[in-house]
>>> print(open('target_38.txt').read())   # compact mmCIF, C-alpha atoms
# COMPACT_ATOMS: atom_id res chain seq x y z
CA MET O 1 -21.10 19.85 -0.57
CA MET O 2 -23.10 18.29 -3.40
CA GLN O 3 -19.84 17.36 -5.07
CA GLN O 4 -18.57 15.61 -1.95
CA ARG O 5 -21.85 13.71 -1.69
CA LYS O 6 -21.62 12.44 -5.26
CA LEU O 7 -18.06 11.37 -4.60
CA GLU O 8 -19.10 9.48 -1.51
CA ILE O 9 -21.92 7.75 -3.36
CA ALA O 10 -19.52 6.66 -6.11
CA VAL O 11 -17.02 5.33 -3.59
CA GLY O 12 -19.78 3.55 -1.71
CA LEU O 13 -21.00 1.90 -4.89
CA PHE O 14 -17.45 0.88 -5.72
CA MET O 15 -16.97 -0.76 -2.33
CA VAL O 16 -20.29 -2.57 -2.60
CA LEU O 17 -19.37 -3.77 -6.09
CA GLY O 18 -15.98 -4.99 -4.89
CA PHE O 19 -17.43 -6.97 -2.02
CA ALA O 20 -20.21 -8.29 -4.25
CA ALA O 21 -17.50 -9.60 -6.58
CA LEU O 22 -15.75 -11.28 -3.65
CA PHE O 23 -19.05 -12.78 -2.54
CA PHE O 24 -19.70 -14.04 -6.06
CA LEU O 25 -16.24 -15.64 -6.19
CA ALA O 26 -16.79 -17.27 -2.82
CA MET O 27 -20.31 -18.60 -3.35
CA ARG O 28 -20.61 -19.23 -7.07
CA VAL O 29 -17.07 -19.95 -8.25
CA SER O 30 -15.54 -21.77 -5.28
CA ASN O 31 -16.86 -24.59 -3.18
CA LEU O 32 -17.65 -22.47 -0.15
CA SER O 33 -21.37 -22.94 -0.72
CA SER O 34 -21.07 -26.52 -1.94
CA ALA O 35 -19.48 -27.25 1.37
CA GLY O 36 -23.12 -28.25 1.11
CA ILE O 37 -22.09 -31.86 1.41
CA PHE O 38 -20.89 -30.99 4.86
CA GLY O 39 -23.86 -28.70 5.44
CA GLY O 40 -21.80 -26.27 7.48
CA ASP O 41 -20.54 -28.84 10.01
CA LYS O 42 -17.44 -30.93 9.69
CA GLY O 43 -18.97 -34.35 9.12
CA TYR O 44 -17.18 -37.44 10.37
CA GLU O 45 -13.91 -39.05 9.42
CA ILE O 46 -13.38 -42.66 8.43
CA THR O 47 -10.30 -44.45 7.16
CA ALA O 48 -9.64 -47.24 4.69
CA ARG O 49 -6.49 -49.20 3.90
CA PHE O 50 -5.47 -49.84 0.32
CA GLN O 51 -2.62 -51.82 -1.24
CA ASN O 52 -2.32 -49.12 -3.88
CA THR O 53 -4.01 -45.76 -4.14
CA GLY O 54 -2.98 -45.00 -7.72
CA SER O 55 -3.19 -41.27 -8.32
CA LEU O 56 -5.69 -40.57 -5.56
CA LYS O 57 -4.92 -37.24 -3.90
CA GLY O 58 -6.13 -35.12 -1.03
CA ARG O 59 -9.48 -33.46 -1.91
CA SER O 60 -10.41 -36.28 -4.30
CA PRO O 61 -14.15 -36.96 -4.13
CA VAL O 62 -15.77 -39.80 -2.19
CA SER O 63 -19.05 -40.95 -3.63
CA VAL O 64 -21.85 -43.44 -3.09
CA ALA O 65 -23.72 -44.51 -6.22
CA GLY O 66 -22.18 -41.57 -8.09
CA VAL O 67 -23.35 -38.99 -5.57
CA ARG O 68 -20.61 -37.05 -3.87
CA VAL O 69 -20.76 -37.54 -0.11
CA GLY O 70 -17.34 -36.37 1.04
CA GLN O 71 -13.70 -35.96 0.20
CA VAL O 72 -10.30 -37.47 0.88
CA THR O 73 -8.50 -35.44 3.53
CA GLU O 74 -5.18 -37.21 3.82
CA ILE O 75 -3.28 -40.21 2.52
CA VAL O 76 -0.49 -41.61 4.69
CA LEU O 77 1.68 -44.69 4.43
CA ASP O 78 1.52 -47.19 7.27
CA SER O 79 5.22 -47.83 7.81
CA LYS O 80 4.62 -51.32 9.30
CA THR O 81 2.32 -52.89 6.76
CA PHE O 82 3.27 -50.62 3.84
CA GLU O 83 -0.34 -50.01 3.09
CA ALA O 84 -1.78 -46.61 2.26
CA VAL O 85 -4.22 -45.31 4.87
CA VAL O 86 -6.76 -43.01 3.25
CA HIS O 87 -8.55 -40.61 5.58
CA MET O 88 -11.94 -39.49 4.30
CA ARG O 89 -14.35 -36.93 5.66
CA ILE O 90 -18.01 -37.74 5.03
CA GLY O 91 -20.80 -35.20 5.37
CA SER O 92 -22.95 -35.82 8.45
CA ARG O 93 -26.04 -35.94 6.26
CA PHE O 94 -24.72 -39.26 5.02
CA SER O 95 -24.32 -40.83 8.43
CA THR O 96 -26.36 -43.95 7.68
CA LEU O 97 -23.59 -45.91 5.93
CA PRO O 98 -23.48 -49.49 7.31
CA LYS O 99 -20.37 -50.81 9.05
CA ASP O 100 -19.66 -53.37 6.29
CA THR O 101 -19.48 -50.75 3.55
CA SER O 102 -16.71 -51.49 1.09
CA ALA O 103 -14.44 -48.92 -0.54
CA SER O 104 -12.80 -49.09 -3.93
CA ILE O 105 -10.67 -46.65 -5.87
CA LEU O 106 -12.29 -46.00 -9.23
CA THR O 107 -11.59 -43.78 -12.20
CA SER O 108 -14.18 -41.49 -13.70
CA GLY O 109 -14.01 -42.06 -17.42
CA LEU O 110 -11.00 -43.57 -19.13
CA LEU O 111 -8.58 -40.74 -18.38
CA GLY O 112 -10.49 -38.99 -15.62
CA GLU O 113 -9.47 -38.40 -12.05
CA GLN O 114 -9.61 -41.12 -9.42
CA TYR O 115 -12.14 -41.15 -6.61
CA VAL O 116 -13.21 -43.41 -3.76
CA GLY O 117 -16.45 -45.26 -4.42
CA LEU O 118 -18.29 -46.62 -1.38
CA ASP O 119 -20.61 -49.61 -1.71
CA PRO O 120 -22.95 -49.84 1.27
CA GLY O 121 -23.39 -53.31 2.77
CA GLY O 122 -26.27 -54.68 4.84
CA ASP O 123 -25.05 -54.37 8.42
CA SER O 124 -27.35 -52.67 10.91
CA VAL O 125 -24.41 -51.13 12.78
CA LEU O 126 -23.44 -47.79 11.23
CA LEU O 127 -20.05 -46.28 10.47
CA LYS O 128 -19.05 -43.56 12.90
CA GLU O 129 -16.18 -41.13 13.52
CA GLY O 130 -12.78 -42.85 13.38
CA ASP O 131 -14.02 -46.16 12.00
CA GLU O 132 -12.07 -48.13 9.46
CA ILE O 133 -13.53 -49.69 6.34
CA ARG O 134 -12.44 -53.35 6.21
CA ILE O 135 -13.27 -54.36 2.68
CA THR O 136 -11.29 -52.41 0.13
CA GLN O 137 -10.26 -52.72 -3.46
CA SER O 138 -7.12 -50.98 -4.69
CA ALA O 139 -6.72 -48.73 -7.66
CA LEU O 140 -6.29 -50.34 -11.03
CA VAL O 141 -2.78 -49.59 -12.25
CA LEU O 142 -2.79 -49.89 -15.99
CA GLU O 143 0.85 -50.97 -16.30
CA ARG O 144 0.37 -53.94 -13.94
CA PHE O 145 -2.81 -54.88 -15.70
CA ILE O 146 -1.13 -54.91 -19.09
CA GLY O 147 1.87 -56.75 -17.63
CA GLN O 148 -0.37 -59.47 -16.24
CA PHE O 149 -2.24 -59.73 -19.52
CA LEU O 150 0.99 -60.18 -21.48
CA TYR O 151 2.24 -62.73 -18.96
CA ASN O 152 -0.97 -64.78 -19.28
CA LYS O 153 -0.80 -64.59 -23.06
CA ALA O 154 2.78 -65.82 -23.01
CA GLN O 155 1.84 -68.75 -20.77
CA GLU O 156 -1.04 -69.68 -23.07
CA THR O 157 1.18 -69.80 -26.13
CA GLU O 158 3.76 -71.86 -24.21
CA LYS O 159 1.15 -74.48 -23.34
CA LYS O 160 0.19 -74.82 -26.97
CA MET L 1 39.36 0.26 -17.10
CA SER L 2 39.24 2.19 -13.84
CA ASP L 3 36.76 4.64 -15.43
CA TRP L 4 34.50 1.75 -16.18
CA LEU L 5 34.80 0.46 -12.60
CA VAL L 6 34.00 3.94 -11.30
CA ALA L 7 30.88 4.06 -13.46
CA VAL L 8 29.71 0.63 -12.22
CA GLY L 9 30.43 1.56 -8.62
CA ARG L 10 28.60 4.85 -8.92
CA ARG L 11 25.54 3.16 -10.38
CA GLY L 12 25.59 0.55 -7.64
CA LEU L 13 25.80 3.18 -4.93
CA ASP L 14 23.08 5.19 -6.63
CA LEU L 15 20.81 2.17 -6.70
CA LEU L 16 21.44 1.48 -3.02
CA VAL L 17 20.70 5.08 -2.12
CA ARG L 18 17.42 5.01 -4.05
CA LEU L 19 16.41 1.70 -2.47
CA GLY L 20 17.20 3.14 0.95
CA ARG L 21 15.17 6.27 0.27
CA ALA L 22 12.26 4.17 -0.99
CA HIS L 23 12.23 2.18 2.23
CA MET L 24 12.50 5.31 4.34
CA LEU L 25 9.51 6.71 2.46
CA LEU L 26 7.54 3.52 3.14
CA PHE L 27 8.54 3.72 6.80
CA TYR L 28 7.32 7.33 7.11
CA ILE L 29 4.09 6.47 5.28
CA VAL L 30 3.39 3.63 7.72
CA LEU L 31 4.12 5.97 10.62
CA ALA L 32 1.64 8.48 9.18
CA LEU L 33 -1.14 5.92 8.65
CA PRO L 34 -2.81 6.23 12.11
CA ALA L 35 -3.26 9.97 11.55
CA LEU L 36 -5.46 9.24 8.53
CA VAL L 37 -8.55 8.73 10.70
CA ARG L 38 -8.56 12.50 11.03
CA GLN L 39 -9.08 13.04 7.29
CA PRO L 40 -11.80 10.67 6.07
CA ARG L 41 -12.83 13.06 3.29
CA GLU L 42 -9.39 12.97 1.74
CA MET L 43 -9.54 9.15 1.88
CA VAL L 44 -12.87 9.14 0.07
CA ARG L 45 -11.50 11.44 -2.60
CA GLN L 46 -8.44 9.25 -3.12
CA VAL L 47 -10.43 6.01 -3.27
CA HIS L 48 -12.56 7.73 -5.87
CA SER L 49 -9.69 8.90 -8.05
CA ILE L 50 -7.68 5.67 -7.72
CA GLY L 51 -10.41 3.05 -7.52
CA VAL L 52 -13.66 4.26 -9.01
CA ARG L 53 -11.95 5.78 -12.03
CA SER L 54 -10.06 2.53 -12.71
CA LEU L 55 -13.28 0.58 -12.71
CA VAL L 56 -14.12 0.91 -16.40
CA ILE L 57 -10.78 -0.38 -17.66
CA ILE L 58 -10.81 -3.21 -15.10
CA VAL L 59 -14.32 -4.35 -15.98
CA VAL L 60 -13.81 -4.17 -19.74
CA SER L 61 -10.43 -5.93 -19.68
CA GLY L 62 -11.73 -8.56 -17.26
CA LEU L 63 -14.66 -9.31 -19.50
CA PHE L 64 -12.52 -9.74 -22.59
CA VAL L 65 -9.76 -11.70 -20.84
CA GLY L 66 -12.39 -14.12 -19.54
CA MET L 67 -13.99 -14.43 -22.96
CA VAL L 68 -10.72 -15.07 -24.75
CA LEU L 69 -9.64 -17.61 -22.11
CA SER L 70 -12.86 -19.46 -22.68
CA LEU L 71 -12.44 -19.52 -26.45
CA GLN L 72 -8.79 -20.59 -26.37
CA GLY L 73 -9.28 -23.08 -23.57
CA TYR L 74 -12.14 -24.69 -25.43
CA ASN L 75 -10.00 -25.30 -28.51
CA THR L 76 -7.43 -27.16 -26.42
CA LEU L 77 -9.77 -29.01 -24.10
CA VAL L 78 -12.10 -30.24 -26.82
CA GLY L 79 -9.19 -32.27 -28.25
CA PHE L 80 -9.12 -34.31 -25.03
CA GLY L 81 -12.88 -34.54 -24.79
CA ALA L 82 -12.68 -32.46 -21.63
CA ALA L 83 -14.60 -29.42 -22.81
CA GLN L 84 -16.80 -29.65 -19.70
CA SER L 85 -13.79 -28.65 -17.59
CA LEU L 86 -13.69 -25.25 -19.29
CA GLY L 87 -15.24 -23.59 -16.25
CA VAL L 88 -12.44 -24.91 -14.03
CA LEU L 89 -9.78 -23.65 -16.43
CA VAL L 90 -11.29 -20.19 -16.72
CA ALA L 91 -11.98 -19.77 -13.01
CA LEU L 92 -8.64 -21.11 -11.77
CA SER L 93 -6.53 -19.11 -14.18
CA LEU L 94 -8.46 -15.93 -13.41
CA VAL L 95 -8.62 -16.29 -9.66
CA ARG L 96 -5.06 -17.49 -9.17
CA GLU L 97 -3.10 -15.56 -11.78
CA LEU L 98 -4.75 -13.30 -14.29
CA GLY L 99 -7.05 -11.48 -11.90
CA PRO L 100 -4.36 -10.23 -9.54
CA VAL L 101 -1.60 -9.82 -12.15
CA VAL L 102 -3.46 -8.16 -15.00
CA SER L 103 -5.40 -5.87 -12.71
CA ALA L 104 -2.13 -4.87 -11.02
CA LEU L 105 -0.57 -4.10 -14.42
CA LEU L 106 -3.62 -2.06 -15.43
CA TYR L 107 -3.59 -0.36 -12.06
CA GLY L 108 0.06 0.57 -12.55
CA GLY L 109 -0.69 2.05 -15.95
CA ARG L 110 -3.91 3.77 -15.04
CA ALA L 111 -3.62 4.84 -11.39
CA GLY L 112 0.10 4.48 -10.65
CA SER L 113 1.23 6.77 -13.45
CA ALA L 114 -1.39 9.34 -12.42
CA LEU L 115 -0.17 9.23 -8.82
CA ALA L 116 3.45 9.67 -9.85
CA ALA L 117 2.61 12.57 -12.19
CA GLU L 118 0.41 14.27 -9.60
CA ILE L 119 2.93 14.13 -6.78
CA GLY L 120 5.82 14.85 -9.14
CA LEU L 121 4.08 17.98 -10.36
CA MET L 122 3.27 19.01 -6.79
CA LYS L 123 6.97 18.78 -6.13
CA ALA L 124 7.91 20.64 -9.32
CA THR L 125 5.55 23.50 -8.47
CA GLU L 126 6.92 23.52 -4.91
CA GLN L 127 3.60 22.72 -3.30
CA LEU L 128 5.22 20.10 -1.12
CA ALA L 129 7.90 22.55 0.00
CA GLY L 130 5.14 25.09 0.69
CA MET L 131 3.36 22.60 2.93
CA GLU L 132 6.53 22.02 4.88
CA MET L 133 6.88 25.79 5.33
CA MET L 134 3.42 25.82 6.93
CA ALA L 135 4.43 22.93 9.20
CA VAL L 136 2.14 20.52 7.36
CA ASP L 137 3.74 17.15 6.82
CA PRO L 138 3.36 16.40 3.09
CA ILE L 139 3.72 12.67 3.72
CA GLU L 140 0.86 12.66 6.17
CA ARG L 141 -1.25 15.03 4.09
CA VAL L 142 -0.52 13.93 0.51
CA VAL L 143 1.35 10.64 0.30
CA ALA L 144 -0.16 8.48 3.05
CA PRO L 145 -3.85 8.87 2.02
CA ARG L 146 -2.97 7.85 -1.52
CA PHE L 147 -1.01 4.87 -0.26
CA LEU L 148 -3.80 3.58 1.96
CA ALA L 149 -6.39 4.16 -0.77
CA GLY L 150 -4.27 2.19 -3.27
CA VAL L 151 -3.75 -0.68 -0.86
CA MET L 152 -7.47 -0.86 -0.08
CA VAL L 153 -8.57 -0.60 -3.67
CA MET L 154 -6.31 -3.18 -5.31
CA PRO L 155 -7.86 -6.40 -3.87
CA LEU L 156 -11.33 -5.12 -4.71
CA LEU L 157 -10.29 -4.33 -8.28
CA ALA L 158 -8.75 -7.78 -8.63
CA ALA L 159 -11.91 -9.43 -7.28
CA ILE L 160 -14.05 -7.44 -9.70
CA PHE L 161 -11.70 -8.39 -12.55
CA SER L 162 -11.93 -12.10 -11.71
CA ALA L 163 -15.69 -12.07 -11.21
CA VAL L 164 -16.34 -10.22 -14.47
CA GLY L 165 -13.86 -12.51 -16.23
CA VAL L 166 -15.66 -15.63 -15.02
CA LEU L 167 -18.94 -14.17 -16.25
CA GLY L 168 -17.35 -13.34 -19.61
CA GLY L 169 -16.02 -16.88 -19.86
CA TYR L 170 -19.47 -18.18 -18.98
CA PHE L 171 -21.12 -16.16 -21.74
CA VAL L 172 -18.71 -17.51 -24.34
CA ALA L 173 -18.79 -21.10 -23.07
CA VAL L 174 -22.54 -21.44 -22.66
CA GLY L 175 -23.84 -18.81 -25.06
CA LEU L 176 -21.40 -19.14 -27.92
CA LEU L 177 -19.90 -22.62 -27.70
CA GLY L 178 -23.01 -24.32 -26.40
CA LEU L 179 -21.53 -26.01 -23.35
CA ASP L 180 -23.79 -27.26 -20.62
CA ASP L 181 -24.67 -24.56 -18.11
CA GLY L 182 -24.83 -26.86 -15.08
CA ALA L 183 -21.58 -28.67 -15.86
CA PHE L 184 -19.77 -25.34 -16.23
CA TRP L 185 -20.66 -24.19 -12.72
CA SER L 186 -20.59 -27.52 -10.91
CA GLN L 187 -17.15 -28.52 -12.24
CA MET L 188 -15.91 -25.10 -11.27
CA GLN L 189 -17.29 -25.34 -7.77
CA SER L 190 -15.88 -28.79 -7.18
CA LYS L 191 -12.36 -27.80 -8.22
CA VAL L 192 -11.92 -24.23 -6.95
CA GLU L 193 -11.09 -24.15 -3.24
CA PHE L 194 -12.10 -21.04 -1.36
CA HIS L 195 -9.11 -21.02 0.91
CA ASP L 196 -6.38 -22.26 -1.42
CA ASP L 197 -7.37 -20.41 -4.55
CA ILE L 198 -9.49 -17.39 -3.80
CA VAL L 199 -7.92 -16.26 -0.54
CA ASN L 200 -4.43 -16.72 -1.99
CA GLY L 201 -5.46 -14.65 -5.01
CA ILE L 202 -6.63 -11.89 -2.70
CA ILE L 203 -3.37 -12.02 -0.74
CA LYS L 204 -1.49 -11.72 -4.02
CA SER L 205 -3.46 -8.67 -5.09
CA ALA L 206 -2.98 -7.04 -1.68
CA VAL L 207 0.79 -7.48 -2.04
CA PHE L 208 0.66 -6.06 -5.55
CA GLY L 209 -1.39 -3.14 -4.26
CA VAL L 210 1.25 -2.26 -1.68
CA VAL L 211 4.12 -2.61 -4.15
CA ALA L 212 2.50 -0.81 -7.10
CA THR L 213 1.33 2.13 -4.98
CA TRP L 214 4.65 2.36 -3.19
CA ILE L 215 6.57 2.44 -6.49
CA ALA L 216 4.30 5.15 -7.90
CA LEU L 217 4.49 7.31 -4.78
CA PHE L 218 8.26 6.91 -4.52
CA HIS L 219 8.91 7.92 -8.11
CA GLY L 220 6.56 10.88 -7.77
CA TYR L 221 8.03 11.98 -4.46
CA GLU L 222 11.61 11.66 -5.67
CA ALA L 223 10.98 13.15 -9.11
CA VAL L 224 13.45 15.74 -10.37
CA PRO L 225 11.33 18.91 -10.18
CA THR L 226 11.32 19.63 -13.92
CA ALA L 227 8.97 18.74 -16.76
CA GLU L 228 11.44 16.11 -17.88
CA GLY L 229 11.79 14.75 -14.35
CA VAL L 230 8.03 14.27 -14.00
CA SER L 231 7.80 12.50 -17.34
CA LEU L 232 10.70 10.25 -16.33
CA ALA L 233 8.96 9.50 -13.04
CA THR L 234 5.73 8.36 -14.75
CA THR L 235 7.63 6.22 -17.23
CA ARG L 236 9.66 4.59 -14.49
CA THR L 237 6.54 3.98 -12.45
CA VAL L 238 4.89 1.97 -15.19
CA VAL L 239 8.05 0.02 -16.08
CA HIS L 240 9.04 -0.76 -12.50
CA THR L 241 5.50 -1.69 -11.51
CA ALA L 242 5.23 -4.16 -14.36
CA LEU L 243 8.60 -5.73 -13.53
CA ALA L 244 7.96 -5.87 -9.80
CA VAL L 245 4.49 -7.36 -10.23
CA LEU L 246 5.63 -10.08 -12.61
CA VAL L 247 8.67 -11.06 -10.52
CA LEU L 248 6.71 -11.01 -7.27
CA ASP L 249 3.97 -13.03 -8.90
CA PHE L 250 6.42 -15.82 -9.63
CA ILE L 251 7.75 -15.77 -6.07
CA LEU L 252 4.28 -15.71 -4.52
CA THR L 253 3.05 -18.48 -6.80
CA ALA L 254 6.04 -20.64 -5.91
CA LEU L 255 5.32 -20.08 -2.22
CA MET L 256 1.56 -20.56 -2.36
CA PHE L 257 0.79 -23.12 -5.00
CA ASN L 258 3.82 -25.41 -4.93
CA LYS L 259 1.84 -28.31 -3.55
CA VAL L 260 -1.71 -27.61 -4.71
>>> encode(input="target_38.txt", output="structure tokens")
Amino acid sequence: MMQQRKLEIAVGLFMVLGFAALFFLAMRVSNLSSAGIFGGDKGYEITARFQNTGSLKGRSPVSVAGVRVGQVTEIVLDSKTFEAVVHMRIGSRFSTLPKDTSASILTSGLLGEQYVGLDPGGDSVLLKEGDEIRITQSALVLERFIGQFLYNKAQETEKK
Amino acid sequence: MSDWLVAVGRRGLDLLVRLGRAHMLLFYIVLALPALVRQPREMVRQVHSIGVRSLVIIVVSGLFVGMVLSLQGYNTLVGFGAAQSLGVLVALSLVRELGPVVSALLYGGRAGSALAAEIGLMKATEQLAGMEMMAVDPIERVVAPRFLAGVMVMPLLAAIFSAVGVLGGYFVAVGLLGLDDGAFWSQMQSKVEFHDDIVNGIIKSAVFGVVATWIALFHGYEAVPTAEGVSLATTRTVVHTALAVLVLDFILTALMFNKV
């Protein structure tokens, strides 16, 4: 009887340990707790159109002044205008973004990942679910940049 | 020439017969599972001998795998100036791959071989035949509890392995290499998805649990009832478990992570 009891205690401890490990993985290792930006609810979705999204992907961060406020949910191509439509989900805590907020695709560091930076404007009307950001700036594609630079250089030397 | 063909054909047929018997065994085990509610004590005993006794090897290996990942990852990442991403590297490789795979390999070596030897010896000493004589179904009484215990235990072992590994990696990264504590955790949390990474890792380990336990039970149950037969059964269990886990891991990874 005593033996069985010890066995049961050991098994109980093992189960508790296993689920504690799962809990640790969920809360500390993954972003289940830092769904904090969404604070448990789903936030609201806004869209922005870009000429070029560079290497922006789903789940890329969206930030205001360097603070993460949401993430990119989906990037689709508008087959009429050939622009990329970026869907972003913003935490509802950050619901005071003005309507004339502008969005640009930036890179963190020289080789870092790309993210969407929002620059709040001064409008008193606020962005809400389903709104589209009008003022956007596309990703900087290094090859085009260098190409343009070389082209300008060549023109300069020609003039001389 | 025809002798050679005969040999190939015989091996092929033999393989098919064994595969068929393995699936029949699995079928009978699944049929016997509902009856397990009547023997909770046996379940507790099996979870103890399969799970609790594997805990030490799982915890120790997890700790060292995490620590070594951290050290090696640091050497590579520091060349790109990305040493702060070490937490992401350690957590993703543990949760997605190493946790489920290495704990399944250890499980096959530690618990699977024991299962095969135990059941093989029961067969060799005619205990299973004795049960049948007394109208006790050996699958329901002996095989099924071990199967269910193995399937339940494996995801927990893998989770413990990953969690301990992340902690080991943390000790090396922050304690030994002097990385920033906050960056380690926050980078990890922003890159590891609960659904895509952790849940998929758990699914993987559950699949490995089914396969590894099934292989062990089959080889034990089908062991030739001699000393040599039992030793062959344990050897085959370990070899087949390792092969099955590694091949399945590739297939599962291709299915789960092809677009993440």
>>> closest_residue(input="target_38.txt", among="L:Met134, L:Val44, L:Leu13, L:Ala22", to="Val211 in chain L", atoms="all atoms listed in the file")
L:Ala22
>>> residues_around(input="target_38.txt", residues="Gly66 in chain O", least_positions_apart="5", cutoff="10 Å", atoms="all atoms listed in the file", output="PyMOL selection string")
chain O and resi 108+117-118
>>> closest_residue(input="target_38.txt", among="L:Thr226, L:Thr235, L:Asn200, L:Thr241", to="Trp214 in chain L", atoms="all atoms listed in the file")
L:Thr241
>>> closest_atom_pairs(input="target_38.txt", of="range 123-183 of chain L", to="range 218-222 of chain L", cutoff="12 Å", atoms="only C-alpha atoms", output="Markdown table")
| residue | atom | partner | partner_atom | distance |
| --- | --- | --- | --- | --- |
| L:Lys123 | CA | L:Tyr221 | CA | 7.1 |
| L:Ala124 | CA | L:Tyr221 | CA | 9.9 |
| L:Glu126 | CA | L:Tyr221 | CA | 11.6 |
| L:Gln127 | CA | L:Tyr221 | CA | 11.7 |
| L:Leu128 | CA | L:Tyr221 | CA | 9.2 |
| L:Ala129 | CA | L:Tyr221 | CA | 11.5 |
| L:Pro138 | CA | L:Tyr221 | CA | 9.9 |
| L:Ile139 | CA | L:Tyr221 | CA | 9.3 |
| L:Val142 | CA | L:Tyr221 | CA | 10.1 |
| L:Val143 | CA | L:Tyr221 | CA | 8.3 |
| L:Ala144 | CA | L:Phe218 | CA | 11.4 |
| L:Arg146 | CA | L:Phe218 | CA | 11.7 |
| L:Phe147 | CA | L:Phe218 | CA | 10.4 |
>>> interface_residues(input="target_38.txt", of="chain L", to="chain O", cutoff="9 Å", atoms="all atoms listed in the file", output="CSV table (one decimal) with C-alpha atoms, keeping the file's coordinate frame")
chain,number,residue,atom,x,y,z
L,41,ARG,CA,-12.8,13.1,3.3
L,44,VAL,CA,-12.9,9.1,0.1
L,45,ARG,CA,-11.5,11.4,-2.6
L,47,VAL,CA,-10.4,6.0,-3.3
L,48,HIS,CA,-12.6,7.7,-5.9
L,51,GLY,CA,-10.4,3.0,-7.5
L,52,VAL,CA,-13.7,4.3,-9.0
L,55,LEU,CA,-13.3,0.6,-12.7
L,87,GLY,CA,-15.2,-23.6,-16.2
L,88,VAL,CA,-12.4,-24.9,-14.0
L,91,ALA,CA,-12.0,-19.8,-13.0
L,95,VAL,CA,-8.6,-16.3,-9.7
L,153,VAL,CA,-8.6,-0.6,-3.7
L,155,PRO,CA,-7.9,-6.4,-3.9
L,156,LEU,CA,-11.3,-5.1,-4.7
L,157,LEU,CA,-10.3,-4.3,-8.3
L,158,ALA,CA,-8.8,-7.8,-8.6
L,159,ALA,CA,-11.9,-9.4,-7.3
L,160,ILE,CA,-14.0,-7.4,-9.7
L,161,PHE,CA,-11.7,-8.4,-12.6
L,162,SER,CA,-11.9,-12.1,-11.7
L,163,ALA,CA,-15.7,-12.1,-11.2
L,164,VAL,CA,-16.3,-10.2,-14.5
L,166,VAL,CA,-15.7,-15.6,-15.0
L,185,TRP,CA,-20.7,-24.2,-12.7
L,186,SER,CA,-20.6,-27.5,-10.9
L,188,MET,CA,-15.9,-25.1,-11.3
L,189,GLN,CA,-17.3,-25.3,-7.8
L,190,SER,CA,-15.9,-28.8,-7.2
L,191,LYS,CA,-12.4,-27.8,-8.2
L,192,VAL,CA,-11.9,-24.2,-7.0
L,193,GLU,CA,-11.1,-24.2,-3.2
L,194,PHE,CA,-12.1,-21.0,-1.4
L,195,HIS,CA,-9.1,-21.0,0.9
L,197,ASP,CA,-7.4,-20.4,-4.6
L,198,ILE,CA,-9.5,-17.4,-3.8
>>> atom_distance(input="target_38.txt", atom1="CA of His240 in chain L", atom2="CA of Val210 in chain L")
13.4 Å
>>> atom_distance(input="target_38.txt", atom1="CA of Gln51 in chain O", atom2="CA of Glu83 in chain O")
5.2 Å
>>> atom_distance(input="target_38.txt", atom1="CA of Tyr28 in chain L", atom2="CA of Thr125 in chain L")
22.5 Å
>>> residues_around(input="target_38.txt", residues="range 104-110 of chain L", least_positions_apart="6", cutoff="10 Å", atoms="all atoms listed in the file", output="MDAnalysis selection string")
chainID L and resid 50:51 53:55 57:58 61 98 150 153:155 157:158 204:209 211:213 215:216 234:235 237:246
>>> residues_near_point(input="target_38.txt", point="(-18.4, -47.0, 14.3)", cutoff="12 Å", atoms="all atoms listed in the file", output="ChimeraX atom specification")
/O:44-47,95-101,123-134
>>> residues_around(input="target_38.txt", residues="Val141 in chain O", least_positions_apart="5", cutoff="9 Å", atoms="all atoms listed in the file", output="PyMOL selection string")
chain O and resi 52+54+146
>>> residues_around(input="target_38.txt", residues="Phe64 in chain L", least_positions_apart="3", cutoff="10 Å", atoms="only C-alpha atoms", output="ChimeraX atom specification")
/L:59-61,67-70,164-165,168-169
>>> closest_residue(input="target_38.txt", among="O:Val76, O:Ala48, O:Ser63, O:Met1", to="Asp119 in chain O", atoms="only C-alpha atoms")
O:Ser63
